[in-house]
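Below: coords_11.pdb (PDB, C-alpha atoms and all ligand atoms)
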ATOM      1  CA  MET M   1      -1.717  32.409 -39.835
ATOM      2  CA  ALA M   2       1.886  32.906 -38.722
ATOM      3  CA  GLU M   3       4.474  30.329 -39.700
ATOM      4  CA  PRO M   4       4.079  27.346 -37.351
ATOM      5  CA  PHE M   5       6.740  26.874 -34.686
ATOM      6  CA  ILE M   6       7.101  23.249 -35.762
ATOM      7  CA  HIS M   7       6.333  22.004 -39.262
ATOM      8  CA  ALA M   8       6.772  18.344 -40.159
ATOM      9  CA  GLU M   9       5.881  16.989 -43.581
ATOM     10  CA  ASN M  10       6.133  13.283 -44.314
ATOM     11  CA  LEU M  11       8.904  13.182 -41.745
ATOM     12  CA  ALA M  12      10.816   9.911 -41.551
ATOM     13  CA  PHE M  13      13.681   8.525 -39.523
ATOM     14  CA  THR M  14      15.340   5.117 -39.768
ATOM     15  CA  TYR M  15      17.881   3.789 -37.253
ATOM     16  CA  LYS M  16      20.615   2.213 -39.356
ATOM     17  CA  GLY M  17      21.304  -1.339 -38.246
ATOM     18  CA  SER M  18      24.989  -1.916 -37.525
ATOM     19  CA  GLY M  19      26.884  -5.190 -37.820
ATOM     20  CA  GLY M  20      24.294  -6.904 -40.009
ATOM     21  CA  ALA M  21      21.357  -5.831 -37.801
ATOM     22  CA  GLU M  22      18.236  -4.716 -39.628
ATOM     23  CA  ASP M  23      17.360  -1.060 -40.141
ATOM     24  CA  ILE M  24      14.540   0.142 -37.887
ATOM     25  CA  PRO M  25      12.164   2.655 -39.482
ATOM     26  CA  ALA M  26      11.087   4.321 -36.206
ATOM     27  CA  ILE M  27       9.363   7.335 -37.792
ATOM     28  CA  LYS M  28       7.578   6.452 -41.001
ATOM     29  CA  ASP M  29       5.356   9.374 -41.919
ATOM     30  CA  ILE M  30       4.594  12.285 -39.639
ATOM     31  CA  SER M  31       2.952  15.453 -40.942
ATOM     32  CA  LEU M  32       1.847  18.095 -38.456
ATOM     33  CA  ASP M  33       2.093  21.745 -37.500
ATOM     34  CA  ILE M  34       2.470  23.023 -33.956
ATOM     35  CA  GLN M  35       1.890  26.719 -33.298
ATOM     36  CA  LYS M  36       3.671  28.881 -30.775
ATOM     37  CA  GLY M  37       1.990  28.744 -27.363
ATOM     38  CA  GLU M  38       0.234  25.400 -27.905
ATOM     39  CA  PHE M  39       0.175  22.696 -25.220
ATOM     40  CA  VAL M  40       0.333  19.423 -27.135
ATOM     41  CA  ALA M  41       0.381  15.964 -25.592
ATOM     42  CA  ILE M  42       1.905  13.141 -27.593
ATOM     43  CA  LEU M  43       0.534   9.727 -26.741
ATOM     44  CA  GLY M  44       1.556   6.309 -27.922
ATOM     45  CA  HIS M  45       2.469   2.952 -26.464
ATOM     46  CA  ASN M  46       6.064   1.812 -25.985
ATOM     47  CA  GLY M  47       8.100   1.747 -29.164
ATOM     48  CA  SER M  48       5.659   3.853 -31.188
ATOM     49  CA  GLY M  49       8.352   6.449 -31.953
ATOM     50  CA  LYS M  50       7.636   9.231 -29.444
ATOM     51  CA  SER M  51      11.190   9.660 -28.166
ATOM     52  CA  THR M  52      12.617   9.405 -31.661
ATOM     53  CA  PHE M  53      10.273  12.189 -32.763
ATOM     54  CA  ALA M  54      11.323  14.321 -29.764
ATOM     55  CA  LYS M  55      14.990  13.816 -30.607
ATOM     56  CA  LEU M  56      14.383  14.919 -34.188
ATOM     57  CA  LEU M  57      12.850  18.171 -32.935
ATOM     58  CA  ASN M  58      16.115  19.442 -31.523
ATOM     59  CA  LEU M  59      18.381  17.600 -33.861
ATOM     60  CA  ILE M  60      19.756  14.990 -31.489
ATOM     61  CA  LEU M  61      18.823  12.839 -34.521
ATOM     62  CA  GLU M  62      18.800  13.991 -38.158
ATOM     63  CA  PRO M  63      15.721  13.290 -40.304
ATOM     64  CA  THR M  64      16.289  10.631 -42.968
ATOM     65  CA  GLY M  65      13.234  11.646 -45.007
ATOM     66  CA  GLY M  66      10.603  14.355 -45.449
ATOM     67  CA  LYS M  67      10.739  17.884 -44.118
ATOM     68  CA  LEU M  68      11.131  19.338 -40.649
ATOM     69  CA  SER M  69      11.458  22.921 -39.538
ATOM     70  CA  VAL M  70      11.577  24.103 -35.925
ATOM     71  CA  ALA M  71      11.794  27.706 -34.691
ATOM     72  CA  GLY M  72      12.583  28.858 -38.212
ATOM     73  CA  PHE M  73      15.450  26.387 -38.712
ATOM     74  CA  ASP M  74      15.300  23.866 -41.534
ATOM     75  CA  LEU M  75      16.492  20.718 -39.763
ATOM     76  CA  CYS M  76      17.007  18.842 -43.024
ATOM     77  CA  ASP M  77      19.550  21.440 -44.153
ATOM     78  CA  LYS M  78      22.934  19.696 -44.092
ATOM     79  CA  GLU M  79      24.640  23.095 -43.985
ATOM     80  CA  LEU M  80      23.236  23.988 -40.559
ATOM     81  CA  SER M  81      26.144  25.429 -38.546
ATOM     82  CA  GLU M  82      27.228  24.596 -35.005
ATOM     83  CA  ASP M  83      25.961  28.069 -33.979
ATOM     84  CA  ASP M  84      22.542  27.309 -35.464
ATOM     85  CA  LEU M  85      22.443  24.056 -33.540
ATOM     86  CA  ILE M  86      23.225  25.820 -30.260
ATOM     87  CA  ALA M  87      20.593  28.469 -31.016
ATOM     88  CA  LEU M  88      18.042  25.752 -31.756
ATOM     89  CA  ARG M  89      18.755  23.826 -28.535
ATOM     90  CA  ARG M  90      18.546  27.024 -26.510
ATOM     91  CA  ARG M  91      15.113  27.775 -27.981
ATOM     92  CA  VAL M  92      13.804  24.218 -27.714
ATOM     93  CA  GLY M  93      14.634  22.612 -24.378
ATOM     94  CA  MET M  94      14.173  18.972 -23.497
ATOM     95  CA  VAL M  95      13.405  17.337 -20.156
ATOM     96  CA  PHE M  96      13.889  13.575 -19.968
ATOM     97  CA  GLN M  97      12.494  10.730 -17.908
ATOM     98  CA  ASN M  98      15.152  10.176 -15.292
ATOM     99  CA  PRO M  99      15.842  13.226 -13.096
ATOM    100  CA  ASP M 100      19.054  11.660 -11.767
ATOM    101  CA  ASN M 101      20.623  11.645 -15.229
ATOM    102  CA  GLN M 102      19.908  15.342 -15.750
ATOM    103  CA  LEU M 103      21.404  16.879 -12.631
ATOM    104  CA  VAL M 104      25.124  17.555 -12.914
ATOM    105  CA  ALA M 105      26.118  19.772  -9.980
ATOM    106  CA  THR M 106      26.263  19.151  -6.240
ATOM    107  CA  ILE M 107      24.227  22.264  -5.314
ATOM    108  CA  VAL M 108      20.786  22.971  -6.783
ATOM    109  CA  GLU M 109      21.506  26.530  -7.927
ATOM    110  CA  ASP M 110      24.767  25.521  -9.614
ATOM    111  CA  ASP M 111      22.822  22.923 -11.499
ATOM    112  CA  VAL M 112      20.312  25.476 -12.748
ATOM    113  CA  ALA M 113      23.170  27.823 -13.725
ATOM    114  CA  PHE M 114      24.984  25.138 -15.731
ATOM    115  CA  GLY M 115      23.151  25.628 -19.041
ATOM    116  CA  PRO M 116      23.107  29.440 -19.205
ATOM    117  CA  GLU M 117      26.687  29.596 -17.941
ATOM    118  CA  ASN M 118      27.744  27.409 -20.869
ATOM    119  CA  LEU M 119      25.902  29.794 -23.168
ATOM    120  CA  GLY M 120      28.118  32.552 -21.798
ATOM    121  CA  VAL M 121      25.427  34.416 -19.854
ATOM    122  CA  PRO M 122      27.359  36.859 -17.614
ATOM    123  CA  MET M 123      26.683  37.984 -14.046
ATOM    124  CA  PRO M 124      24.458  39.563 -12.830
ATOM    125  CA  GLU M 125      22.044  38.261 -15.475
ATOM    126  CA  LEU M 126      23.018  34.684 -14.650
ATOM    127  CA  ARG M 127      22.027  35.229 -10.998
ATOM    128  CA  GLU M 128      18.691  36.701 -12.057
ATOM    129  CA  ARG M 129      17.949  33.842 -14.463
ATOM    130  CA  VAL M 130      18.729  31.188 -11.867
ATOM    131  CA  ASP M 131      16.598  32.897  -9.199
ATOM    132  CA  ASN M 132      13.678  33.346 -11.606
ATOM    133  CA  ALA M 133      13.846  29.778 -12.865
ATOM    134  CA  LEU M 134      13.839  28.360  -9.320
ATOM    135  CA  LEU M 135      10.932  30.637  -8.425
ATOM    136  CA  GLU M 136       8.945  29.462 -11.455
ATOM    137  CA  VAL M 137       9.218  25.814 -10.452
ATOM    138  CA  GLY M 138       8.627  26.577  -6.761
ATOM    139  CA  MET M 139      12.103  25.471  -5.657
ATOM    140  CA  SER M 140      13.649  28.763  -4.449
ATOM    141  CA  GLU M 141      14.009  27.597  -0.887
ATOM    142  CA  TYR M 142      16.064  24.616  -2.028
ATOM    143  CA  ALA M 143      18.659  26.679  -3.930
ATOM    144  CA  MET M 144      21.534  25.741  -1.627
ATOM    145  CA  GLN M 145      20.565  22.108  -1.116
ATOM    146  CA  GLU M 146      22.220  19.033  -2.544
ATOM    147  CA  PRO M 147      20.046  17.510  -5.293
ATOM    148  CA  HIS M 148      20.365  13.964  -3.958
ATOM    149  CA  HIS M 149      18.402  14.994  -0.858
ATOM    150  CA  LEU M 150      15.380  15.955  -2.961
ATOM    151  CA  SER M 151      12.353  13.855  -3.898
ATOM    152  CA  GLY M 152      11.935  12.692  -7.510
ATOM    153  CA  GLY M 153       9.397  15.424  -8.246
ATOM    154  CA  GLN M 154      11.656  18.091  -6.754
ATOM    155  CA  LYS M 155      14.650  16.859  -8.757
ATOM    156  CA  GLN M 156      12.602  16.957 -11.930
ATOM    157  CA  ARG M 157      11.519  20.532 -11.119
ATOM    158  CA  VAL M 158      15.192  21.473 -10.725
ATOM    159  CA  ALA M 159      15.889  19.893 -14.113
ATOM    160  CA  ILE M 160      13.048  22.001 -15.557
ATOM    161  CA  ALA M 161      14.509  25.124 -13.904
ATOM    162  CA  GLY M 162      17.835  24.356 -15.609
ATOM    163  CA  ILE M 163      16.050  24.417 -18.964
ATOM    164  CA  LEU M 164      14.027  27.550 -18.102
ATOM    165  CA  ALA M 165      17.225  29.400 -17.204
ATOM    166  CA  MET M 166      18.151  29.145 -20.893
ATOM    167  CA  ARG M 167      14.931  31.051 -21.692
ATOM    168  CA  PRO M 168      13.530  28.608 -24.257
ATOM    169  CA  GLU M 169      10.351  29.221 -26.258
ATOM    170  CA  CYS M 170       9.399  25.570 -26.268
ATOM    171  CA  VAL M 171      10.033  22.702 -23.872
ATOM    172  CA  ILE M 172       9.626  19.048 -24.773
ATOM    173  CA  PHE M 173       8.942  16.771 -21.809
ATOM    174  CA  ASP M 174       9.753  13.189 -22.789
ATOM    175  CA  GLU M 175       7.908  11.060 -20.187
ATOM    176  CA  ALA M 176       9.213  13.508 -17.589
ATOM    177  CA  THR M 177       6.654  12.277 -15.057
ATOM    178  CA  ALA M 178       7.001   8.544 -15.714
ATOM    179  CA  MET M 179       9.467   7.743 -12.918
ATOM    180  CA  LEU M 180       7.734   9.843 -10.279
ATOM    181  CA  ASP M 181       5.277   8.934  -7.529
ATOM    182  CA  PRO M 182       1.755  10.448  -7.754
ATOM    183  CA  VAL M 183       2.747  13.493  -5.661
ATOM    184  CA  GLY M 184       5.829  14.142  -7.811
ATOM    185  CA  ARG M 185       3.803  13.687 -10.990
ATOM    186  CA  LYS M 186       1.297  16.266  -9.853
ATOM    187  CA  GLU M 187       4.043  18.750  -8.891
ATOM    188  CA  VAL M 188       5.658  18.438 -12.290
ATOM    189  CA  LEU M 189       2.402  18.479 -14.260
ATOM    190  CA  ASP M 190       1.210  21.594 -12.388
ATOM    191  CA  THR M 191       4.540  23.252 -13.239
ATOM    192  CA  ILE M 192       4.198  22.323 -16.906
ATOM    193  CA  ARG M 193       0.624  23.647 -17.076
ATOM    194  CA  ARG M 194       1.571  26.919 -15.425
ATOM    195  CA  LEU M 195       4.484  27.486 -17.801
ATOM    196  CA  ASN M 196       2.098  27.116 -20.710
ATOM    197  CA  ARG M 197      -0.803  29.162 -19.341
ATOM    198  CA  GLU M 198       1.057  31.969 -17.615
ATOM    199  CA  ASN M 199       4.247  32.256 -19.654
ATOM    200  CA  GLY M 200       2.880  31.242 -23.039
ATOM    201  CA  MET M 201       5.532  28.537 -23.333
ATOM    202  CA  THR M 202       5.000  26.073 -26.168
ATOM    203  CA  VAL M 203       4.798  22.682 -24.463
ATOM    204  CA  ILE M 204       5.106  19.224 -25.949
ATOM    205  CA  HIS M 205       4.297  16.684 -23.277
ATOM    206  CA  ILE M 206       5.073  13.107 -24.218
ATOM    207  CA  THR M 207       3.319  10.707 -21.901
ATOM    208  CA  HIS M 208       1.511   7.427 -21.675
ATOM    209  CA  TYR M 209      -0.712   8.744 -18.854
ATOM    210  CA  MET M 210      -4.088   9.582 -20.363
ATOM    211  CA  ASN M 211      -5.023  11.689 -17.337
ATOM    212  CA  GLU M 212      -2.087  13.981 -18.057
ATOM    213  CA  ALA M 213      -2.854  14.231 -21.749
ATOM    214  CA  ALA M 214      -6.349  15.442 -20.817
ATOM    215  CA  PHE M 215      -4.840  18.771 -19.697
ATOM    216  CA  ALA M 216      -3.389  19.542 -23.119
ATOM    217  CA  ASP M 217      -5.116  21.699 -25.763
ATOM    218  CA  ARG M 218      -4.455  19.001 -28.288
ATOM    219  CA  ILE M 219      -3.469  15.346 -28.344
ATOM    220  CA  ILE M 220      -1.492  13.673 -31.079
ATOM    221  CA  VAL M 221      -1.571   9.877 -30.964
ATOM    222  CA  ILE M 222       1.410   8.217 -32.582
ATOM    223  CA  ASN M 223       1.378   4.578 -33.553
ATOM    224  CA  ASP M 224       4.060   2.674 -35.415
ATOM    225  CA  GLY M 225       5.900   5.841 -36.409
ATOM    226  CA  SER M 226       2.872   7.608 -37.887
ATOM    227  CA  VAL M 227       0.161   9.985 -36.677
ATOM    228  CA  LEU M 228      -2.956   7.980 -35.865
ATOM    229  CA  MET M 229      -5.087  10.771 -34.364
ATOM    230  CA  ASP M 230      -4.784  14.510 -33.886
ATOM    231  CA  GLY M 231      -7.489  16.444 -32.054
ATOM    232  CA  THR M 232      -8.766  17.908 -28.800
ATOM    233  CA  PRO M 233      -8.850  15.652 -25.733
ATOM    234  CA  ASP M 234     -12.655  15.444 -26.107
ATOM    235  CA  GLN M 235     -12.328  14.280 -29.712
ATOM    236  CA  ILE M 236      -9.601  11.768 -28.891
ATOM    237  CA  PHE M 237     -11.264  10.226 -25.830
ATOM    238  CA  ALA M 238     -14.468   9.732 -27.819
ATOM    239  CA  ARG M 239     -12.523   7.161 -29.898
ATOM    240  CA  ARG M 240     -12.004   4.618 -27.128
ATOM    241  CA  ASP M 241     -12.128   1.491 -29.274
ATOM    242  CA  GLU M 242      -9.515   2.714 -31.746
ATOM    243  CA  LEU M 243      -7.274   3.750 -28.842
ATOM    244  CA  ARG M 244      -7.677   0.364 -27.235
ATOM    245  CA  ALA M 245      -6.686  -1.295 -30.506
ATOM    246  CA  VAL M 246      -3.275   0.389 -30.216
ATOM    247  CA  GLY M 247      -2.821  -0.409 -26.534
ATOM    248  CA  LEU M 248      -4.094   2.823 -24.993
ATOM    249  CA  GLU M 249      -6.914   3.253 -22.464
ATOM    250  CA  VAL M 250      -9.038   6.382 -22.033
ATOM    251  CA  PRO M 251      -9.182   7.945 -18.528
ATOM    252  CA  GLN M 252     -11.567   6.224 -16.113
ATOM    253  CA  CYS M 253     -14.251   8.912 -16.221
ATOM    254  CA  ALA M 254     -14.364   8.702 -20.040
ATOM    255  CA  GLU M 255     -14.452   4.912 -19.829
ATOM    256  CA  LEU M 256     -17.485   5.197 -17.534
ATOM    257  CA  ILE M 257     -19.323   7.340 -20.122
ATOM    258  CA  HIS M 258     -18.562   4.809 -22.854
ATOM    259  CA  ARG M 259     -19.881   1.958 -20.677
ATOM    260  CA  LEU M 260     -23.062   3.843 -19.795
ATOM    261  CA  LYS M 261     -23.672   4.392 -23.525
ATOM    262  CA  GLU M 262     -23.087   0.709 -24.189
ATOM    263  CA  ALA M 263     -25.650  -0.100 -21.490
ATOM    264  CA  GLY M 264     -28.187   1.980 -23.407
ATOM    265  CA  ILE M 265     -28.186   4.942 -21.029
ATOM    266  CA  PRO M 266     -28.745   8.154 -22.993
ATOM    267  CA  VAL M 267     -25.648  10.184 -22.101
ATOM    268  CA  GLY M 268     -25.330  12.829 -24.783
ATOM    269  CA  GLU M 269     -22.214  14.569 -26.038
ATOM    270  CA  GLY M 270     -20.092  16.624 -23.657
ATOM    271  CA  LYS M 271     -16.653  17.316 -22.246
ATOM    272  CA  ILE M 272     -15.630  13.697 -21.862
ATOM    273  CA  SER M 273     -12.002  14.690 -21.143
ATOM    274  CA  SER M 274     -12.743  16.193 -17.726
ATOM    275  CA  LEU M 275     -14.244  14.730 -14.568
ATOM    276  CA  GLU M 276     -16.651  17.697 -14.316
ATOM    277  CA  GLY M 277     -17.693  17.217 -17.949
ATOM    278  CA  CYS M 278     -18.440  13.520 -17.393
ATOM    279  CA  ALA M 279     -20.394  14.291 -14.220
ATOM    280  CA  GLN M 280     -22.421  16.860 -16.181
ATOM    281  CA  MET M 281     -23.188  14.338 -18.930
ATOM    282  CA  ILE M 282     -24.440  11.821 -16.394
ATOM    283  CA  LEU M 283     -26.568  14.393 -14.554
ATOM    284  CA  GLN M 284     -28.137  15.502 -17.835
ATOM    285  CA  SER M 285     -29.018  11.923 -18.726
ATOM    286  CA  PHE M 286     -30.745  11.572 -15.317
ATOM    287  CA  ALA M 287     -32.650  14.807 -15.953
ATOM    288  CA  LYS M 288     -33.777  13.444 -19.348
ATOM    289  CA  GLU M 289     -34.796  10.118 -17.813
ATOM    290  CA  GLY M 290     -36.720  11.970 -15.081
ATOM    291  CA  ALA M 291     -38.532  14.102 -17.666
ATOM    292  CA  SER M 292     -39.531  11.091 -19.794
ATOM    293  CA  HIS M 293     -40.888   9.214 -16.755
ATOM    294  CA  GLY M 294     -42.554  12.224 -15.160
TER     295      GLY M 294
HETATM  296  P1  LIG M 301       8.800   5.396 -27.704
HETATM  297  O1  LIG M 301       9.517   6.588 -27.150
HETATM  298  O2  LIG M 301       7.446   5.723 -28.248
HETATM  299  O3  LIG M 301       8.748   4.266 -26.740
HETATM  300  P2  LIG M 301      11.123   5.116 -29.451
HETATM  301  O4  LIG M 301      11.186   6.338 -30.278
HETATM  302  O5  LIG M 301      12.044   5.034 -28.285
HETATM  303  O6  LIG M 301       9.604   4.875 -28.989
HETATM  304  O7  LIG M 301      11.391   3.846 -30.364
HETATM  305  C1  LIG M 301      10.803   3.664 -31.634
HETATM  306  C2  LIG M 301      11.415   2.446 -32.307
HETATM  307  O8  LIG M 301      12.799   2.689 -32.553
HETATM  308  C3  LIG M 301      11.366   1.186 -31.448
HETATM  309  O9  LIG M 301      11.178   0.099 -32.315
HETATM  310  C4  LIG M 301      12.741   1.134 -30.829
HETATM  311  O10 LIG M 301      13.116  -0.182 -30.541
HETATM  312  C5  LIG M 301      13.607   1.733 -31.916
HETATM  313  N1  LIG M 301      14.800   2.434 -31.365
HETATM  314  C6  LIG M 301      14.794   3.410 -30.428
HETATM  315  N2  LIG M 301      16.045   3.853 -30.178
HETATM  316  C7  LIG M 301      16.867   3.121 -30.975
HETATM  317  C8  LIG M 301      18.284   3.113 -31.198
HETATM  318  N3  LIG M 301      19.098   3.933 -30.544
HETATM  319  N4  LIG M 301      18.765   2.216 -32.103
HETATM  320  C9  LIG M 301      17.932   1.390 -32.782
HETATM  321  N5  LIG M 301      16.601   1.365 -32.628
HETATM  322  C10 LIG M 301      16.059   2.219 -31.744
HETATM  323 MG    MG M 302      10.209   7.049 -25.197
END

The structure given in the file should be rewritten as structure tokens.
Ligand code: ADP
Ligand code: MG
Amino acid sequence: MAEPFIHAENLAFTYKGSGGAEDIPAIKDISLDIQKGEFVAILGHNGSGKSTFAKLLNLILEPTGGKLSVAGFDLCDKELSEDDLIALRRRVGMVFQNPDNQLVATIVEDDVAFGPENLGVPMPELRERVDNALLEVGMSEYAMQEPHHLSGGQKQRVAIAGILAMRPECVIFDEATAMLDPVGRKEVLDTIRRLNRENGMTVIHITHYMNEAAFADRIIVINDGSVLMDGTPDQIFARRDELRAVGLEVPQCAELIHRLKEAGIPVGEGKISSLEGCAQMILQSFAKEGASHG
């Protein structure tokens, strides 16, 4: 197999307490590989270390223990140059929670141009990148608008376009849907899914919404700075009780399957991570019941 895009081995990070405050070991022991093109959801309750992990991935924070390499860069190498850092951040983009903190210009297209312009991308390529990025997030018709007139979901899509205009290979979304209403969340999630499926973008989607994690190829559950689970959505949602023990709930359709099982109804194994899969499991159990009574 090719070298993974992200390789973490016993990764650790401790926030140093200042002024007599205690040190906070936010990341204690994370070992994982993420391949190019994967769509990985990272789940964990508040304070479990998700954002700290994201910040380590593009060197906003420096690891204090273990190994970490991203896009071929050894992030524990103290000799990493400023140029390497810029190259890393161009290849691994980050979208944060609050869209208002990420928009810098007064016109949408200027905002999208900001990143690549700083990288020194000349005209006419800059124009092309901005137009393409806006097209990819479905915001072309808003190019000349003022960002503050947009909805939360639209603002977040502009923020994503600003990252796409830098042509990254991987984008990390740190709770990028958390401040949005249901419509905005769906807009942004659909955009994220399309970028992964159609453009082969490596996506790391940090969320506490189980329904959103269900769309990923793989879910990594982080608890107390360590990896608690790593598997497909079907594998993860089958472990409801362990999830509950760390403050996470499975999606409602999966919860229904678990309750039917508890009630002694013979639902077999199936795709518990999707609504269709759960419906199928229930129908099959009816068919079985019908056969045994008939
Ligand atoms: P999550 O994103 O999963 O909510 P964080 O990575 O933000 O978790 O936080 C992990 C732990 O690190 C928490 O205990 C949090 O209080 C602590 N922490 C986060 N940021 C800082 C910081 N800048 N200084 C000190 N401690 C921090
Ligand atoms: Mg966070």

For this structure, which residues satisfy the selection - the PyMOL selection byres (((chain M and resi 26-33) around 6) and not hetatm) - when it is evaluated on the file as given? I want them as a list in words.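 Output from the PyMOL selection byres (((chain M and resi 26-33) around 6) and not hetatm), applied to this file: Pro4, Ile6, His7, Ala8, Glu9, Asn10, Leu11, Ala12, Phe13, Thr14, Ile24, Pro25, Ile34, Gly49, Gly225, Ser226 and Val227 of chain M.
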
I'd like the box whose edges run along x, y and z of the file and which contains every listed atom of ligand LIG 301 (chain M), padded by 4 Å per side; could you state its centre and edge lengths in Å, one decimal, as AutoDock Vina command-line options?
--center_x 13.3 --center_y 3.2 --center_z -29.8 --size_x 19.7 --size_y 14.8 --size_z 14.0

Dump the neighbourhood of ligand MG 302 (chain M) as a count of residues only: all residues within 9 Å, distances computed on all atoms listed in the file. 14

Excluding same-chain residues fewer than 6 positions from M:Ala161, what lies within 10 Å of it counting all atoms listed in the file, as a count of residues only? 18

Under the rule that all atoms listed in the file are counted, which of M:Asp23, M:Asp100, M:Glu169, M:Asp84 is the nearest residue to M:Gln156? M:Asp100

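For the choices M:Gln35, M:Asn101, M:Ser274, M:Gln145, the atom-to-atom distance to M:Asp234 is smallest for M:Ser274 when using all atoms listed in the file.
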
Determine, counting only C-alpha atoms, which protein, DNA and RNA residues have an atom within 9 Å of an atom of M:Thr191; residues of the same chain fewer than 3 positions away are not included. Present the result as a list in words.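 Non-adjacent residues within range: Glu136, Val137, Gly138, Arg157, Ile160, Lys186, Glu187, Val188, Arg194, Leu195 and Asn196 of chain M.
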
Choose the residue, out of M:Val221, M:Met144, M:Ile272, M:Leu260, that has the smallest atom-to-atom separation from M:Glu242; count only C-alpha atoms.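 Of M:Val221, M:Met144, M:Ile272, M:Leu260, the one nearest M:Glu242 is M:Val221, counting only C-alpha atoms.
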
Nearest to ligand LIG 301 (chain M): which of M:Pro116, M:Pro99, M:Gly93, M:Gly44 is it, counting all atoms listed in the file?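 Between M:Pro116, M:Pro99, M:Gly93, M:Gly44, the residue approaching ligand LIG 301 (chain M) most closely is M:Gly44.
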
Quote the spacing between atom CA of M:Leu85 and atom CA of M:Gly115 in Å to one decimal place.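 Straight-line distance from atom CA of M:Leu85 to atom CA of M:Gly115 works out to 14.6 Å.
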
Taking 5 positions as the minimum chain separation for residues in the same chain, which residues sit within 8 Å of M:Val95 when counting only C-alpha atoms? Answer as a PyMOL selection string. chain M and resi 159-160+163+171-174+176

So what do you get for atom CA of M:Ile257 versus atom CA of M:Arg240, distance-wise?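 Going from atom CA of M:Ile257 over to atom CA of M:Arg240, I get 10.5 Å.
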
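Comparing the minimum interatomic distances between ligand LIG 301 (chain M) and each of M:Asp110, M:Glu212, M:Asp224, M:Asp77, counting all atoms listed in the file, we find that M:Asp224 sits nearest.
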
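Note that atom CA of M:Phe39 and atom CA of M:Ile204 are 6.1 Å apart.
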
Please determine, counting only C-alpha atoms and all ligand atoms, which residue among M:Ile222, M:Glu141, M:Gly184, M:Lys261 has the shortest atom-to-atom distance to ligand LIG 301 (chain M).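 Closest to ligand LIG 301 (chain M) of all the choices is M:Ile222.
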
With 7 Å as the threshold, what does the neighbourhood of (23.1, 24.0, -25.5) contain in terms of residues, counting all atoms listed in the file? Coordinates are those of the file; answer as a list in words. Ile86, Arg89, Arg90, Gly115 and Leu119 of chain M

Restrict the selected residues to C-alpha atoms and save them as a PDB file, in the frame of the given file.
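Saved as result_35.pdb:
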ATOM      1  CA  ILE M  86      23.225  25.820 -30.260  1.00  0.00           C
ATOM      2  CA  ARG M  89      18.755  23.826 -28.535  1.00  0.00           C
ATOM      3  CA  ARG M  90      18.546  27.024 -26.510  1.00  0.00           C
ATOM      4  CA  GLY M 115      23.151  25.628 -19.041  1.00  0.00           C
ATOM      5  CA  LEU M 119      25.902  29.794 -23.168  1.00  0.00           C
TER       6      LEU M 119
END

Could you write out as an MDAnalysis selection string the residues that the PyMOL selection byres (((chain M and resi 217) around 12) and not hetatm) matches in the shown file? chainID M and resid 34:35 37:42 193 196:197 202:205 212:216 218:220 230:236 273

Quick one: apply the PyMOL selection byres (((chain M and resi 282) around 12) and not hetatm) to the file and drop the selected residues here as a ChimeraX atom specification. /M:253-254,256-261,265-272,275-281,283-289
